[in-house]
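A.B. asks: Could you have a look at this structure, given as structure tokens, before my questions?
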Amino acid sequence: MSGAARSRRASIQLRAIRTILRSPAPHLYLSVNANRGMALTVLLCLAGRISGKTLTLHHHAYHYIAEHHSIMSLLGKAAGPQALHLAPCLGIGADLRDRYSSVRHIQGYSNVGVVDNVLRPSARADEQPVRLGHMSNLTKAKGIGTTIAAFRAIRAAGREVTLVVAGPCSDSFASEAIASAEREFGEAFTYLGPVYGEAKQRFFDSFDIFVFPSEMETQGIVNLEAMSCGKPVVATGHCCIPRDIGRDGGLAVDPMADFAQALLGYIGDYLQDPAGASARARLRYEALLAEHEGECEALVAGFRGDGAMNTDGRGAG
């Protein structure tokens with residue numbers, strides 16, 4: 001970063017601190033920055049505490065929950081024992097509280113509310129081979145290599161399948177994996193690149209089962225988008241994903257299990273009742289959306305002071 005860029009960022013940060021200190025608003029909501037950016041969140045928390053505000057911190061990452069990070073410990077102390085910590089699900093919130101003694105109040109707040117509500121379910125043509133789909137900012141960590149390897153193994157097992165992939169290649173591993181798959185699989189493999197708007201809907205229309213073997217994920221908005229389109233999800237079961245998928249949204253694969261074998265088994269189950277699997281995935285999404293409405297109501301009630309926040313979270317997914 002250039003000196004001018006650092007100066008602009010510092011100026012913006014100082015303005016944010018001044019705004020917090022001068023504002024008469026009783027509540028302060030902060031999205032927790034990751035890595036070095038968390039130092040700024042600490043400063044904003046201190047400004048909120050000094051000005052007597054009630055603090056709500058919204059967590060999106062898991063790396064500082066999986067392992068102790070000194071900067072997160074400092075953030076918890078800066079926010080104070082009365083701060084409310086939002087997490088994508090109560091399970092992550094409970095892990096956060098177990099890791100840092102300064103975190104006492106947690107509430108689940110799913111990302112399902114940000115799913116584009118114009119996405120719609122689509123039907124499957126039964127005569128087609130099973131079509132798999134994968135979308136992300138394509139990287140090794142997001143699972144493009146595992147997706148292609150599973151696709152290869154399933155075809156080698158004699159199952160007729162195709163694979164369509166969407167999203168930008170965000171590292172050299174992904175670029176090389178896509179190019180290699182195009183050479184190896186020919187017309188059975190399709191790479192669309194980044195998709196938005198109606199192109200995104202056409203992507204979801206083009207396959208039957210969404211595949212997401214990410215190496216680490218807190219929730220995976222793309223999984224929720226797929227279920228909203230009636231596409232069952234087979235994903236590595238990190239963090240909130242097993243609870244999101246549940247019994248009806250597809251299959252959450254144990255991170256230690258063979259993903260290709262799990263996907264192959266699910267395809268067999270899916271073919272017993274494709275229409276039912278699609279309907280159940282959509283219903284699971286609708287159930288998550290209804291739960292999120294309750295989360296929103298609880299959060300607003302807590303801000304107003306006329307409702308109790310759920311601050312437990314133990315035993316929840």
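Lettering and numbering for the structure tokens are positional, with chains as A, B, ... in the shown order, residues counted from 1 in each chain, and ligands counted from 1 in the shown order.
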Sorted by chain and rising residue number, list the residues of stretch 111-170 of chain A at most 12 Å from stretch 239-259 of chain A (counting only C-alpha atoms), each with its closest atom pair and distance in Å to one decimal, as CSV.
C.D. replies:
residue,atom,partner,partner_atom,distance
A:Asn111,CA,A:Cys240,CA,10.4
A:Val112,CA,A:Asp244,CA,9.5
A:Gly143,CA,A:Phe259,CA,10.7
A:Gly145,CA,A:Phe259,CA,11.7
A:Thr146,CA,A:Phe259,CA,7.9
A:Thr147,CA,A:Phe259,CA,8.7
A:Ile148,CA,A:Phe259,CA,11.2
A:Ala149,CA,A:Phe259,CA,9.4
A:Ala150,CA,A:Phe259,CA,6.9
A:Phe151,CA,A:Phe259,CA,10.3
A:Ala153,CA,A:Phe259,CA,10.2
A:Ile154,CA,A:Phe259,CA,10.7
A.B. asks: Write down as a list in words the residues belonging to stretch 140-187 of chain A that are assigned strand (DSSP E or B) by DSSP computed on the backbone.
C.D. replies: Val161, Thr162, Leu163, Val164, Val165, Ala166 and Cys169 of chain A
A.B. asks: Rounded to one decimal place, report the atom CA of A:Ala179-atom CA of A:Tyr191 distance in Å.
C.D. replies: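 Pair atom CA of A:Ala179 / atom CA of A:Tyr191 returns 9.2 Å.
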A.B. asks: Got a sec: who's within 12 Å of stretch 264-275 of chain A, counting only C-alpha atoms, leaving out chain neighbours fewer than 3 positions off, as an MDAnalysis selection string?
C.D. replies: chainID A and resid 121:132 150:161 207:211 230:235 248:253 258:261 278:282
A.B. asks: Quick one: distance from atom CA of A:Ile71 to atom CA of A:Val114 in Å, one decimal?
C.D. replies: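 Going from atom CA of A:Ile71 over to atom CA of A:Val114 covers 28.2 Å.
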A.B. asks: Return as an NGL selection string the full set of residues in stretch 10-110 of chain A whose backbone-based DSSP assignment is alpha helix (DSSP H).
C.D. replies: :A and (10-22 or 38-50 or 63-66 or 70-79 or 90-99)
A.B. asks: Write out as a list in words which residues come within 10 Å of A:Asn35 when counting only C-alpha atoms, dropping same-chain ones fewer than 5 positions away.
C.D. replies: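 Contacts, in chain order: Ala61, His63, Tyr64, His69, Ile71 and Met72 of chain A.
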A.B. asks: Name the residues in contact with A:Asp171 at a cut-off of 9 Å, using only C-alpha atoms, excluding same-chain residues fewer than 5 positions from it; report them as a compact mmCIF listing (two decimals) with all heavy atoms, in the first residue's frame.
C.D. replies:
# COMPACT_ATOMS: atom_id res chain seq x y z
N LEU A 138 -12.89 -19.26 -7.02
CA LEU A 138 -12.25 -20.56 -7.17
C LEU A 138 -10.81 -20.53 -6.67
O LEU A 138 -9.97 -19.79 -7.18
CB LEU A 138 -12.29 -21.00 -8.63
CG LEU A 138 -13.69 -21.09 -9.24
CD1 LEU A 138 -13.60 -21.37 -10.73
CD2 LEU A 138 -14.52 -22.15 -8.54
N THR A 139 -10.54 -21.35 -5.67
CA THR A 139 -9.19 -21.52 -5.12
C THR A 139 -9.05 -22.97 -4.66
O THR A 139 -10.04 -23.70 -4.53
CB THR A 139 -8.93 -20.61 -3.90
OG1 THR A 139 -9.84 -20.98 -2.85
CG2 THR A 139 -9.13 -19.13 -4.24
N LYS A 140 -7.82 -23.34 -4.36
CA LYS A 140 -7.59 -24.67 -3.78
C LYS A 140 -8.36 -24.81 -2.47
O LYS A 140 -9.00 -25.84 -2.22
CB LYS A 140 -6.10 -24.89 -3.55
CG LYS A 140 -5.74 -26.28 -3.02
CD LYS A 140 -4.23 -26.41 -2.86
CE LYS A 140 -3.85 -27.83 -2.46
NZ LYS A 140 -4.42 -28.19 -1.13
N GLU A 176 -5.09 -23.50 -13.31
CA GLU A 176 -4.50 -24.70 -13.88
C GLU A 176 -5.46 -25.88 -13.79
O GLU A 176 -5.55 -26.70 -14.73
CB GLU A 176 -3.19 -25.03 -13.17
CG GLU A 176 -2.10 -23.98 -13.43
CD GLU A 176 -0.92 -24.11 -12.47
OE1 GLU A 176 -0.91 -25.09 -11.69
OE2 GLU A 176 -0.04 -23.24 -12.51
A.B. asks: Sorted by chain and rising residue number, which residues of stretch 8-77 of chain A lie within 12 Å of stretch 295-303 of chain A, and what are their closest atom pairs and distances in Å to one decimal, counting only C-alpha atoms, as JSON lines?
C.D. replies:
{"residue": "A:Ala25", "atom": "CA", "partner": "A:Phe303", "partner_atom": "CA", "distance": 11.3}
{"residue": "A:Pro26", "atom": "CA", "partner": "A:Phe303", "partner_atom": "CA", "distance": 9.0}
{"residue": "A:His27", "atom": "CA", "partner": "A:Phe303", "partner_atom": "CA", "distance": 7.4}
{"residue": "A:Leu28", "atom": "CA", "partner": "A:Phe303", "partner_atom": "CA", "distance": 10.1}
{"residue": "A:Tyr29", "atom": "CA", "partner": "A:Phe303", "partner_atom": "CA", "distance": 10.5}
{"residue": "A:Lys53", "atom": "CA", "partner": "A:Phe303", "partner_atom": "CA", "distance": 11.2}
{"residue": "A:Thr54", "atom": "CA", "partner": "A:Phe303", "partner_atom": "CA", "distance": 8.6}
{"residue": "A:Leu55", "atom": "CA", "partner": "A:Phe303", "partner_atom": "CA", "distance": 10.0}
{"residue": "A:Thr56", "atom": "CA", "partner": "A:Phe303", "partner_atom": "CA", "distance": 9.5}
{"residue": "A:His58", "atom": "CA", "partner": "A:Leu299", "partner_atom": "CA", "distance": 11.9}
A.B. asks: Mind giving me the straight-line distance from atom CA of A:Ala66 to atom CA of A:Gln13 in Å, one decimal?
C.D. replies: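 Taking atom CA of A:Ala66 as the start and atom CA of A:Gln13 as the end point, the length is 28.5 Å.
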A.B. asks: Find, counting only C-alpha atoms, the residue in A:Ala4, A:Met135, A:Val222, A:Ala177 that gets nearest to A:Gly193.
C.D. replies: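 Among A:Ala4, A:Met135, A:Val222, A:Ala177, it is A:Met135 that comes nearest to A:Gly193.
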